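The next block is my_file.txt, given as compact mmCIF, C-alpha atoms and all ligand atoms.
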# COMPACT_ATOMS: atom_id res chain seq x y z
CA MET A 1 18.08 27.82 9.01
CA LYS A 2 16.78 24.69 7.38
CA TYR A 3 13.11 23.82 7.83
CA ALA A 4 10.00 22.75 5.95
CA GLU A 5 7.30 25.39 5.37
CA ASN A 6 4.73 22.97 6.76
CA ILE A 7 4.37 19.22 7.34
CA LEU A 8 3.75 18.56 3.64
CA GLY A 9 7.33 19.62 2.94
CA THR A 10 8.54 16.49 4.75
CA ILE A 11 6.83 14.07 2.34
CA GLY A 12 9.17 11.93 0.23
CA ASP A 13 12.97 11.58 0.11
CA THR A 14 12.70 8.46 2.25
CA PRO A 15 15.80 6.34 2.93
CA LEU A 16 16.91 3.16 1.24
CA VAL A 17 18.01 0.56 3.80
CA LYS A 18 19.94 -2.67 3.22
CA MET A 19 18.17 -5.86 4.29
CA ASN A 20 20.39 -8.27 6.19
CA LYS A 21 19.18 -11.28 8.21
CA LEU A 22 15.99 -12.10 6.33
CA VAL A 23 17.87 -12.30 3.04
CA GLU A 24 21.26 -13.62 4.22
CA ASP A 25 20.86 -16.79 2.12
CA LEU A 26 20.15 -14.80 -1.07
CA PRO A 27 23.05 -13.87 -3.40
CA CYS A 28 21.73 -10.40 -4.35
CA LEU A 29 21.69 -7.01 -2.64
CA VAL A 30 18.21 -6.26 -1.24
CA LEU A 31 17.41 -2.62 -0.45
CA ALA A 32 14.22 -1.49 1.31
CA LYS A 33 12.54 1.77 0.26
CA TYR A 34 11.41 2.74 3.72
CA GLU A 35 8.18 4.71 3.38
CA THR A 36 7.30 4.96 7.07
CA PHE A 37 9.55 8.03 7.23
CA ASN A 38 6.75 10.02 5.62
CA PRO A 39 4.88 12.24 8.13
CA GLY A 40 1.73 10.07 8.08
CA ASN A 41 3.93 6.95 8.41
CA SER A 42 3.09 5.59 4.98
CA VAL A 43 3.79 5.92 1.26
CA LYS A 44 0.22 7.19 0.85
CA ASP A 45 1.17 10.72 1.90
CA ARG A 46 2.71 11.10 -1.54
CA MET A 47 -0.43 10.28 -3.48
CA GLY A 48 -2.80 11.98 -1.00
CA LEU A 49 -1.03 15.28 -1.65
CA LYS A 50 -0.69 14.72 -5.40
CA MET A 51 -4.37 13.81 -5.87
CA ILE A 52 -5.36 17.00 -4.02
CA GLU A 53 -2.91 19.22 -5.92
CA ASP A 54 -4.06 17.89 -9.29
CA ALA A 55 -7.72 18.34 -8.36
CA GLU A 56 -7.00 21.92 -7.30
CA ALA A 57 -5.15 22.60 -10.54
CA ASP A 58 -8.00 21.54 -12.83
CA GLY A 59 -10.82 22.90 -10.66
CA ARG A 60 -12.33 19.63 -9.39
CA LEU A 61 -11.47 20.84 -5.88
CA LYS A 62 -12.29 24.44 -5.05
CA PRO A 63 -11.46 26.64 -2.04
CA GLY A 64 -13.39 25.59 1.05
CA GLY A 65 -14.36 22.32 -0.60
CA THR A 66 -15.03 18.93 0.97
CA ILE A 67 -12.90 15.92 0.07
CA ILE A 68 -14.64 12.52 0.20
CA GLU A 69 -12.94 9.13 0.06
CA GLY A 70 -13.76 5.55 1.00
CA THR A 71 -10.62 4.68 2.94
CA SER A 72 -9.76 2.98 6.17
CA GLY A 73 -6.25 4.00 6.81
CA ASN A 74 -3.17 5.21 5.05
CA THR A 75 -4.81 7.12 2.21
CA GLY A 76 -7.11 8.80 4.72
CA MET A 77 -4.10 9.93 6.72
CA GLY A 78 -2.31 11.21 3.59
CA LEU A 79 -5.41 13.14 2.49
CA ALA A 80 -5.94 14.44 6.04
CA LEU A 81 -2.48 16.00 6.30
CA ALA A 82 -2.88 17.81 2.98
CA ALA A 83 -6.48 18.82 3.80
CA ILE A 84 -5.43 20.38 7.12
CA VAL A 85 -2.61 22.42 5.62
CA LYS A 86 -4.67 23.50 2.62
CA GLY A 87 -7.92 24.19 4.50
CA TYR A 88 -10.33 21.54 3.18
CA LYS A 89 -12.83 19.41 5.02
CA LEU A 90 -12.27 15.63 4.74
CA ILE A 91 -14.91 12.90 5.01
CA CYS A 92 -13.67 9.29 5.22
CA VAL A 93 -16.21 6.55 4.61
CA LEU A 94 -15.23 3.29 6.32
CA SER A 95 -16.70 -0.18 6.61
CA ASP A 96 -17.62 -1.40 10.08
CA LYS A 97 -14.96 -4.14 10.09
CA GLN A 98 -12.30 -1.46 10.59
CA SER A 99 -10.90 -1.13 14.10
CA GLN A 100 -11.96 1.66 16.44
CA GLU A 101 -8.30 2.62 16.54
CA LYS A 102 -8.25 3.38 12.81
CA MET A 103 -11.36 5.52 13.09
CA ASP A 104 -9.90 7.39 16.06
CA ILE A 105 -6.65 8.05 14.18
CA LEU A 106 -8.54 9.61 11.28
CA LYS A 107 -10.62 11.72 13.68
CA ALA A 108 -7.42 12.83 15.41
CA VAL A 109 -6.29 14.45 12.17
CA GLY A 110 -9.59 16.19 11.65
CA ALA A 111 -11.50 13.82 9.37
CA GLU A 112 -15.24 13.23 9.68
CA VAL A 113 -15.80 9.47 9.72
CA HIS A 114 -18.88 7.69 8.29
CA VAL A 115 -19.28 3.98 9.04
CA CYS A 116 -21.03 1.57 6.64
CA PRO A 117 -21.88 -2.16 6.88
CA THR A 118 -19.23 -4.54 5.48
CA ASP A 119 -21.38 -7.46 4.43
CA VAL A 120 -23.18 -5.82 1.52
CA ALA A 121 -22.33 -5.88 -2.18
CA PRO A 122 -20.38 -2.90 -3.58
CA ASP A 123 -23.45 -1.70 -5.53
CA ASP A 124 -25.73 -1.89 -2.46
CA PRO A 125 -26.69 1.69 -1.47
CA ARG A 126 -25.39 1.02 2.07
CA SER A 127 -21.89 0.00 0.94
CA TYR A 128 -19.00 2.34 1.46
CA TYR A 129 -18.49 2.64 -2.30
CA SER A 130 -22.11 3.75 -2.80
CA THR A 131 -22.13 5.94 0.29
CA SER A 132 -18.99 7.81 -0.79
CA LYS A 133 -20.47 8.44 -4.23
CA ARG A 134 -23.83 9.51 -2.80
CA LEU A 135 -22.24 11.95 -0.33
CA SER A 136 -20.25 13.51 -3.16
CA THR A 137 -23.46 14.25 -5.08
CA GLU A 138 -25.34 15.49 -2.00
CA ILE A 139 -22.69 17.71 -0.42
CA PRO A 140 -22.15 20.95 -2.31
CA ASN A 141 -18.61 21.84 -3.37
CA SER A 142 -17.37 18.31 -2.70
CA TRP A 143 -14.99 16.05 -4.60
CA TYR A 144 -14.83 12.24 -4.59
CA VAL A 145 -11.19 11.16 -4.73
CA ASN A 146 -11.45 7.50 -5.90
CA GLN A 147 -7.85 6.37 -5.41
CA TYR A 148 -8.46 3.20 -7.44
CA ASP A 149 -9.07 4.97 -10.72
CA ASN A 150 -7.57 8.41 -10.05
CA PRO A 151 -4.49 8.76 -12.33
CA SER A 152 -2.80 11.19 -9.90
CA ASN A 153 -2.24 8.23 -7.56
CA CYS A 154 0.04 6.54 -10.09
CA LYS A 155 1.55 9.88 -11.16
CA ALA A 156 2.71 10.64 -7.60
CA HIS A 157 4.93 7.57 -7.73
CA TYR A 158 6.03 8.24 -11.31
CA GLU A 159 7.15 11.73 -10.28
CA SER A 160 8.64 11.07 -6.84
CA THR A 161 9.06 7.47 -5.63
CA GLY A 162 10.40 6.14 -8.95
CA PRO A 163 13.03 8.87 -9.50
CA GLU A 164 14.16 8.61 -5.87
CA ILE A 165 14.79 4.86 -6.23
CA TRP A 166 16.62 5.37 -9.54
CA ASP A 167 18.85 8.10 -8.05
CA GLN A 168 19.49 6.30 -4.75
CA THR A 169 20.62 3.14 -6.56
CA GLU A 170 22.59 5.23 -9.09
CA GLY A 171 20.69 3.43 -11.82
CA LYS A 172 21.92 0.01 -10.65
CA ILE A 173 18.50 -1.37 -9.68
CA THR A 174 17.64 -4.60 -11.53
CA HIS A 175 14.36 -5.63 -9.83
CA PHE A 176 11.52 -3.83 -8.06
CA VAL A 177 9.25 -5.80 -5.70
CA VAL A 178 6.11 -4.32 -4.12
CA GLY A 179 2.64 -5.18 -2.80
CA VAL A 180 -0.29 -4.22 -5.03
CA GLY A 181 -3.63 -2.76 -3.89
CA THR A 182 -4.85 0.20 -5.95
CA GLY A 183 -1.77 -0.36 -8.16
CA GLY A 184 -0.57 3.22 -7.85
CA THR A 185 2.81 2.36 -6.37
CA ILE A 186 3.81 -0.47 -8.70
CA SER A 187 2.51 1.24 -11.84
CA GLY A 188 4.04 4.66 -11.17
CA VAL A 189 7.42 3.37 -10.00
CA GLY A 190 7.47 0.55 -12.57
CA THR A 191 6.69 2.87 -15.50
CA TYR A 192 9.39 5.33 -14.47
CA LEU A 193 12.05 2.66 -13.91
CA LYS A 194 11.35 0.87 -17.20
CA GLN A 195 11.64 4.16 -19.06
CA GLN A 196 15.15 4.53 -17.59
CA ASN A 197 16.10 0.90 -18.23
CA PRO A 198 13.63 -1.49 -19.92
CA ASN A 199 15.52 -4.51 -18.52
CA ILE A 200 14.41 -3.78 -14.96
CA LYS A 201 11.96 -6.45 -13.77
CA VAL A 202 8.87 -5.38 -11.83
CA TRP A 203 7.24 -7.92 -9.50
CA GLY A 204 3.87 -7.50 -7.77
CA ILE A 205 2.97 -9.17 -4.49
CA ASP A 206 -0.60 -10.47 -4.40
CA THR A 207 -2.57 -12.42 -1.82
CA TYR A 208 -4.75 -15.54 -1.92
CA GLY A 209 -8.31 -14.24 -2.32
CA SER A 210 -7.36 -11.58 -4.89
CA VAL A 211 -7.75 -11.44 -8.67
CA PHE A 212 -4.45 -9.88 -9.81
CA LYS A 213 -2.15 -12.86 -10.42
CA LYS A 214 -4.65 -14.90 -12.40
CA TYR A 215 -5.74 -11.88 -14.44
CA HIS A 216 -2.12 -11.01 -15.26
CA GLU A 217 -1.38 -14.56 -16.40
CA THR A 218 -4.59 -15.36 -18.29
CA GLY A 219 -6.46 -12.12 -18.95
CA ILE A 220 -9.42 -13.71 -17.17
CA PHE A 221 -11.21 -11.96 -14.31
CA ASP A 222 -11.97 -15.10 -12.32
CA GLU A 223 -14.55 -14.65 -9.55
CA ASN A 224 -13.48 -17.99 -8.06
CA GLU A 225 -10.23 -16.27 -7.04
CA ILE A 226 -12.19 -13.96 -4.73
CA TYR A 227 -12.63 -14.87 -1.07
CA SER A 228 -11.97 -13.11 2.22
CA TYR A 229 -8.42 -12.95 3.52
CA VAL A 230 -6.52 -11.62 6.50
CA THR A 231 -3.60 -9.84 4.81
CA GLU A 232 -4.03 -6.07 4.88
CA GLY A 233 -3.31 -3.45 2.21
CA ILE A 234 -2.84 -5.66 -0.85
CA GLY A 235 -5.05 -7.66 -3.21
CA GLU A 236 -8.42 -6.66 -4.67
CA ASP A 237 -11.72 -8.11 -5.87
CA ILE A 238 -11.80 -5.48 -8.64
CA LEU A 239 -9.37 -4.34 -11.37
CA PRO A 240 -8.46 -0.74 -10.49
CA GLN A 241 -7.43 1.46 -13.42
CA ASN A 242 -4.22 2.24 -11.54
CA VAL A 243 -2.94 -1.33 -12.00
CA ARG A 244 -1.01 -1.13 -15.29
CA PHE A 245 -0.54 -4.82 -15.99
CA GLU A 246 1.78 -4.13 -18.91
CA VAL A 247 4.59 -2.78 -16.70
CA ILE A 248 4.37 -5.76 -14.34
CA ASP A 249 6.49 -8.80 -15.20
CA GLY A 250 4.84 -11.17 -12.75
CA PHE A 251 2.92 -11.63 -9.52
CA THR A 252 3.49 -14.02 -6.67
CA LYS A 253 0.86 -14.80 -4.05
CA VAL A 254 1.72 -14.97 -0.35
CA THR A 255 -0.46 -16.77 2.21
CA ASP A 256 -2.04 -14.92 5.15
CA ARG A 257 0.04 -16.97 7.56
CA ASP A 258 3.34 -16.31 5.81
CA ALA A 259 2.58 -12.59 5.55
CA ALA A 260 1.78 -12.47 9.28
CA VAL A 261 4.89 -14.43 10.29
CA TYR A 262 7.21 -12.37 8.10
CA THR A 263 5.72 -9.11 9.38
CA ARG A 264 6.84 -10.14 12.86
CA ARG A 265 10.20 -11.42 11.65
CA LEU A 266 10.94 -8.05 10.02
CA ALA A 267 10.51 -6.38 13.41
CA LYS A 268 12.40 -8.97 15.46
CA GLU A 269 15.24 -9.78 13.06
CA GLU A 270 15.78 -6.52 11.16
CA GLY A 271 14.42 -3.94 13.62
CA MET A 272 11.94 -2.96 10.92
CA PHE A 273 8.59 -2.35 12.63
CA LEU A 274 6.28 -2.36 9.63
CA GLY A 275 2.77 -3.12 8.44
CA ASN A 276 1.44 -6.43 7.21
CA SER A 277 2.00 -5.77 3.50
CA ALA A 278 5.74 -5.49 4.22
CA GLY A 279 5.72 -9.04 5.59
CA ALA A 280 3.91 -10.23 2.47
CA ALA A 281 6.40 -8.36 0.29
CA ILE A 282 9.58 -9.83 1.82
CA LYS A 283 8.13 -13.36 1.82
CA GLY A 284 7.11 -12.80 -1.80
CA LEU A 285 10.62 -11.65 -2.67
CA ARG A 286 11.95 -14.92 -1.23
CA GLN A 287 9.41 -16.88 -3.31
CA ILE A 288 10.51 -15.04 -6.46
CA HIS A 289 14.07 -16.07 -5.66
CA GLU A 290 13.01 -19.71 -5.20
CA GLU A 291 11.14 -19.70 -8.52
CA HIS A 292 13.42 -17.55 -10.68
CA GLY A 293 16.75 -17.18 -8.84
CA PHE A 294 18.32 -13.78 -8.19
CA THR A 295 22.06 -13.58 -8.94
CA LYS A 296 24.94 -11.87 -7.13
CA ASP A 297 24.82 -8.95 -9.55
CA ASP A 298 21.16 -8.16 -8.87
CA VAL A 299 20.10 -5.07 -6.96
CA VAL A 300 16.58 -5.71 -5.73
CA VAL A 301 14.54 -2.84 -4.28
CA ILE A 302 11.54 -3.75 -2.12
CA LEU A 303 9.11 -1.03 -1.01
CA TYR A 304 7.60 -1.11 2.49
CA HIS A 305 4.34 0.80 2.60
CA ASP A 306 3.49 1.51 6.22
CA HIS A 307 4.36 1.39 9.91
CA GLY A 308 3.79 -1.37 12.48
CA SER A 309 1.89 0.81 14.97
CA ARG A 310 -1.43 0.29 13.16
CA TYR A 311 -1.15 -3.48 13.66
CA VAL A 312 -0.28 -3.88 17.36
CA GLY A 313 -3.69 -5.37 18.15
CA LYS A 314 -3.33 -7.98 15.41
CA PHE A 315 -0.09 -9.27 13.88
CA TYR A 316 2.00 -8.06 16.83
CA ASN A 317 -0.40 -9.53 19.39
CA ASP A 318 0.47 -13.10 20.45
CA ASN A 319 -3.10 -14.02 21.39
CA TRP A 320 -4.46 -12.86 18.04
CA MET A 321 -1.71 -14.82 16.26
CA LYS A 322 -2.57 -17.96 18.27
CA GLU A 323 -6.30 -17.59 17.58
CA LYS A 324 -5.54 -17.42 13.88
CA GLY A 325 -3.38 -20.55 14.15
CA TYR A 326 -0.20 -18.78 13.10
CA LEU A 327 1.66 -19.04 16.42
CA LYS A 328 2.17 -22.09 18.67
CA GLU A 329 1.86 -22.01 22.47
CA ASP A 330 5.65 -22.31 22.75
CA GLY A 331 6.11 -19.11 20.72
CA SER A 332 7.27 -20.79 17.52
CA TYR A 333 5.47 -20.42 14.23
CA TYR A 334 3.57 -23.12 12.44
CA PRO A 335 5.35 -24.26 9.28
CA ASP A 336 4.68 -22.44 6.06
CA GLU A 337 1.48 -23.60 4.47
CA LYS A 338 0.52 -23.01 0.87
N1 LIG B 401 0.31 -1.78 1.67
C1 LIG B 401 -0.48 -1.01 2.41
C2 LIG B 401 -0.35 -1.05 3.89
C3 LIG B 401 -1.44 -0.18 1.79
O1 LIG B 401 -2.23 0.60 2.54
C4 LIG B 401 -1.56 -0.21 0.39
C5 LIG B 401 -2.64 0.59 -0.28
N2 LIG B 401 -3.86 -0.13 -0.33
C6 LIG B 401 -0.71 -1.04 -0.36
C7 LIG B 401 0.22 -1.81 0.33
C8 LIG B 401 -0.79 -1.14 -1.86
O2 LIG B 401 -0.35 0.04 -2.50
P1 LIG B 401 -1.03 0.55 -3.83
O3 LIG B 401 -2.44 0.93 -3.45
O4 LIG B 401 -0.22 1.72 -4.27
O5 LIG B 401 -1.02 -0.56 -4.81

Entire entry expressed as structure tokens:
Amino acid sequence: MKYAENILGTIGDTPLVKMNKLVEDLPCLVLAKYETFNPGNSVKDRMGLKMIEDAEADGRLKPGGTIIEGTSGNTGMGLALAAIVKGYKLICVLSDKQSQEKMDILKAVGAEVHVCPTDVAPDDPRSYYSTSKRLSTEIPNSWYVNQYDNPSNCKAHYESTGPEIWDQTEGKITHFVVGVGTGGTISGVGTYLKQQNPNIKVWGIDTYGSVFKKYHETGIFDENEIYSYVTEGIGEDILPQNVRFEVIDGFTKVTDRDAAVYTRRLAKEEGMFLGNSAGAAIKGLRQIHEEHGFTKDDVVVILYHDHGSRYVGKFYNDNWMKEKGYLKEDGSYYPDEK
């Protein structure tokens, strides 16, 4: 008989799937690392488990302990699955702009959810950053995960996602393209791939309203780059320690509208029902081609982080798309806007 000992045994070994219609005008082979096959429907199951295992190994997390993290979605789910199997309590601290649906999903997998106001500065005691930290000092036998600066996040991808991509492409990969939030995925995969072949190019997808691209190009943390945006999962107003800028060859920024439109096109034209950062990533890949030109010998791997089900009330909802000005009454999209 062939079975996993528990749900954690099904994390990783996700498929690589050829992209067709959305890249038919590109000369290269584009392969999608399809992370929604993980049990929590996102790549974050990998790092959720790894962060917990590493904290157990060095005693930061002890039997019967409480895990605390400021997360709204995928990381919370990844941590929740590992916490259930391993017998820990999980507290997720969310901001009040998160949908009820997201809170309910976390509760469904056993997490305790604390809600904090969105419109306060990160160092305000009411913010979700401050609340997470405070809870971890108040609650005995608790551990604050901090996915932004926790090196196990990056390590999970160095040890699993990167080697899988190398093996699945039989070492033929030439470019890796992926959205960047905490930086764990791009840094872990990018470091591993460049150790195998330093000629592999690693591209990060950023969003307008985030600091990454400018910082990578100039070394300047420019606060003028920071403003609110619609795109979910990528971009930051901070520089997480998990973003290793030295393994990243370049960033391209994708507009909210383009990310939204391409999220829907992935579903309708490729049958790939994915989250919003996937739409940003495939549009970004096309921009990289326009600016730098892939060739027929290139093997480009793009990583899709999460599943479309979390976004049915937004990007997959016609009324929401019309309110945002992304979709016309006749069902066509407004032209790309930079
Ligand atoms: N896409 C989605 C949907 C995410 O949840 C995240 C994590 N914030 C990312 C992309 C970015 O991944 P990473 O944090 O590893 O940079």

| message | If we count all atoms listed in the file and set the cut-off at 9 Å, which residues sit around region 93-107 of chain A, ignoring sequence neighbours fewer than 5 positions away in its own chain? Please answer as a VMD selection string. | response | chain A and resid 68 to 73 76 to 77 80 112 to 119 127 to 129 131 to 132 310

| said: So the first atom is CA of Asp306 (chain A) and the second is CA of Gln196 (chain A); what is the distance between them in Å, to one decimal place? | reply: 26.7 Å

Taking only residues of chain A that have an atom at most 10 Å from an atom of ligand LIG 401 (chain B), what is each one's shortest atom pair and its distance in Å to one decimal, using all atoms listed in the file, in chain and number order, as CSV?
residue,atom,partner,partner_atom,distance
A:Ser42,CA,B:LIG401,C2,7.6
A:Val43,CA,B:LIG401,O4,8.0
A:Lys44,CA,B:LIG401,O1,7.2
A:Met47,CA,B:LIG401,O4,8.6
A:Thr71,CA,B:LIG401,N2,8.9
A:Ser72,CA,B:LIG401,O1,8.7
A:Gly73,CA,B:LIG401,O1,6.8
A:Asn74,CA,B:LIG401,O1,5.3
A:Thr75,CA,B:LIG401,O1,7.0
A:Gly76,CA,B:LIG401,O1,9.8
A:Gln147,CA,B:LIG401,O3,7.9
A:Tyr148,CA,B:LIG401,O3,7.6
A:Asn153,CA,B:LIG401,O4,7.6
A:Cys154,CA,B:LIG401,O4,7.6
A:Ala156,CA,B:LIG401,O4,10.0
A:His157,CA,B:LIG401,O4,8.5
A:Val178,CA,B:LIG401,C7,7.8
A:Gly179,CA,B:LIG401,C7,5.2
A:Val180,CA,B:LIG401,O5,3.7
A:Gly181,CA,B:LIG401,O5,3.5
A:Thr182,CA,B:LIG401,O3,3.5
A:Gly183,CA,B:LIG401,O5,3.4
A:Gly184,CA,B:LIG401,O4,3.9
A:Thr185,CA,B:LIG401,O4,3.7
A:Ile186,CA,B:LIG401,O5,6.2
A:Ser187,CA,B:LIG401,O4,8.1
A:Gly188,CA,B:LIG401,O4,8.6
A:Val189,CA,B:LIG401,O4,9.7
A:Gly204,CA,B:LIG401,O5,9.0
A:Ile205,CA,B:LIG401,C7,9.2
A:Asp206,CA,B:LIG401,C8,9.7
A:Thr231,CA,B:LIG401,C2,9.4
A:Glu232,CA,B:LIG401,C2,6.3
A:Gly233,CA,B:LIG401,C1,3.7
A:Ile234,CA,B:LIG401,C7,5.1
A:Gly235,CA,B:LIG401,C8,7.9
A:Glu236,CA,B:LIG401,N2,9.1
A:Pro240,CA,B:LIG401,O5,9.4
A:Asn242,CA,B:LIG401,O5,8.0
A:Val243,CA,B:LIG401,O5,7.5
A:Leu274,CA,B:LIG401,C2,8.9
A:Gly275,CA,B:LIG401,C2,5.9
A:Asn276,CA,B:LIG401,C2,6.6
A:Ser277,CA,B:LIG401,N1,4.7
A:Ala278,CA,B:LIG401,N1,7.1
A:Gly279,CA,B:LIG401,N1,9.9
A:Ala280,CA,B:LIG401,N1,9.2
A:Ala281,CA,B:LIG401,C7,9.0
A:Leu303,CA,B:LIG401,C7,9.0
A:Tyr304,CA,B:LIG401,N1,7.4
A:His305,CA,B:LIG401,N1,4.9
A:Asp306,CA,B:LIG401,C2,5.2
A:His307,CA,B:LIG401,C2,8.0
A:Gly308,CA,B:LIG401,C2,9.5
A:Arg310,CA,B:LIG401,C2,9.4

| task | Tell me which protein, DNA and RNA residues are within 8 Å of region 283-294 of chain A, counting all atoms listed in the file, leaving out same-chain ones fewer than 2 positions away, and put them as number ranges by chain. | result | A: 23, 26-28, 177, 205, 252-254, 258-259, 262, 279-281, 296, 298, 302

| remark: Closest of A:Gly78, A:Gly271, A:Gly40, A:Gly250 to Lys201 (chain A), counting all atoms listed in the file, is A:Gly250

| said: One number please: CA of Asp237 (chain A) to CA of Asp222 (chain A), in Å, one decimal. | reply: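 For CA of Asp237 (chain A) relative to CA of Asp222 (chain A), the distance reads 9.5 Å.
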
| request: Name the closest residue to Gly190 (chain A) among the candidates A:Pro151, A:Pro163, A:Gly219, A:Gly171; distances are taken between atoms, counting all atoms listed in the file. | output: A:Pro163

| task | Pick out the closest residue to Leu90 (chain A) from this set: A:Ser228, A:Thr295, A:Ser136, A:Thr191. Count all atoms listed in the file. | result | A:Ser136

| said: Which residue is closest to Glu35 (chain A)? Choose from A:Ile52, A:Ala121, A:Ile165, A:Met321 and count all atoms listed in the file. | reply: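 Residue with the minimum atom-to-atom distance to Glu35 (chain A): A:Ile165.
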
| request: Tell me, as a ChimeraX atom specification, which residues lie within 12 Å of Arg60 (chain A), counting all atoms listed in the file; anything in the same chain fewer than 5 positions away does not count. | output: /A:51-55,65-67,136,141-145

| task | Have a look at A:Asp149, A:Leu239, A:Gly87, A:Gln195 and name the one nearest to Lys214 (chain A); count only C-alpha atoms. | result | A:Leu239

| Could you name the residues that touch Val301 (chain A) at 6 Å or less, counting only C-alpha atoms, but leaving out those on the same chain fewer than 4 positions away, as a ChimeraX atom specification? | /A:30-32,176

Written selection (C-alpha atoms) as a compact mmCIF listing (two decimals), in the coordinates of the input:
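Okay, this is what ended up in selection.txt:
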# COMPACT_ATOMS: atom_id res chain seq x y z
CA VAL A 30 18.21 -6.26 -1.24
CA LEU A 31 17.41 -2.62 -0.45
CA ALA A 32 14.22 -1.49 1.31
CA PHE A 176 11.52 -3.83 -8.06

| task | Figure out the distance between CA of Val230 (chain A) and CA of Tyr208 (chain A), please, to one decimal in Å. | result |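 Interatomic distance, CA of Tyr208 (chain A) to CA of Val230 (chain A): 9.5 Å.
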
| request: Using all atoms listed in the file, find the one residue out of A:Tyr334, A:Tyr326, A:Trp203, A:Phe37 that sits nearest to Val17 (chain A). | output: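 Checking each candidate against Val17 (chain A), we get A:Phe37 as the closest.
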
Provide region 176-190 of chain A rebuilt to N, CA and C atoms, formatted as an mmCIF file, in the frame of the given file.
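rebuild_11.cif, freshly written:
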data_model
loop_
_atom_site.group_PDB
_atom_site.id
_atom_site.type_symbol
_atom_site.label_atom_id
_atom_site.label_comp_id
_atom_site.auth_asym_id
_atom_site.auth_seq_id
_atom_site.Cartn_x
_atom_site.Cartn_y
_atom_site.Cartn_z
ATOM 1 N N PHE A 176 12.343 -4.571 -9.026
ATOM 2 C CA PHE A 176 11.520 -3.830 -8.060
ATOM 3 C C PHE A 176 10.401 -4.761 -7.602
ATOM 4 N N VAL A 177 10.251 -4.886 -6.281
ATOM 5 C CA VAL A 177 9.250 -5.800 -5.700
ATOM 6 C C VAL A 177 8.345 -4.994 -4.775
ATOM 7 N N VAL A 178 7.009 -5.127 -4.950
ATOM 8 C CA VAL A 178 6.110 -4.320 -4.120
ATOM 9 C C VAL A 178 4.697 -4.921 -4.078
ATOM 10 N N GLY A 179 4.031 -4.754 -2.948
ATOM 11 C CA GLY A 179 2.640 -5.180 -2.800
ATOM 12 C C GLY A 179 1.721 -4.313 -3.657
ATOM 13 N N VAL A 180 0.616 -4.926 -4.121
ATOM 14 C CA VAL A 180 -0.290 -4.220 -5.030
ATOM 15 C C VAL A 180 -1.717 -4.179 -4.451
ATOM 16 N N GLY A 181 -2.245 -2.948 -4.334
ATOM 17 C CA GLY A 181 -3.630 -2.760 -3.890
ATOM 18 C C GLY A 181 -4.355 -1.962 -4.969
ATOM 19 N N THR A 182 -4.292 -0.618 -4.859
ATOM 20 C CA THR A 182 -4.850 0.200 -5.950
ATOM 21 C C THR A 182 -3.984 0.105 -7.202
ATOM 22 N N GLY A 183 -2.709 -0.276 -7.027
ATOM 23 C CA GLY A 183 -1.770 -0.360 -8.160
ATOM 24 C C GLY A 183 -0.958 0.899 -8.372
ATOM 25 N N GLY A 184 -1.265 1.949 -7.641
ATOM 26 C CA GLY A 184 -0.570 3.220 -7.850
ATOM 27 C C GLY A 184 0.937 3.109 -7.688
ATOM 28 N N THR A 185 1.374 2.426 -6.634
ATOM 29 C CA THR A 185 2.810 2.360 -6.370
ATOM 30 C C THR A 185 3.533 1.584 -7.465
ATOM 31 N N ILE A 186 3.084 0.359 -7.739
ATOM 32 C CA ILE A 186 3.810 -0.470 -8.700
ATOM 33 C C ILE A 186 3.767 0.151 -10.099
ATOM 34 N N SER A 187 2.646 0.726 -10.480
ATOM 35 C CA SER A 187 2.510 1.240 -11.840
ATOM 36 C C SER A 187 3.334 2.514 -12.032
ATOM 37 N N GLY A 188 3.288 3.407 -11.049
ATOM 38 C CA GLY A 188 4.040 4.660 -11.170
ATOM 39 C C GLY A 188 5.534 4.419 -11.127
ATOM 40 N N VAL A 189 5.986 3.658 -10.121
ATOM 41 C CA VAL A 189 7.420 3.370 -10.000
ATOM 42 C C VAL A 189 7.871 2.520 -11.180
ATOM 43 N N GLY A 190 7.095 1.479 -11.495
ATOM 44 C CA GLY A 190 7.470 0.550 -12.570
ATOM 45 C C GLY A 190 7.581 1.264 -13.914
#
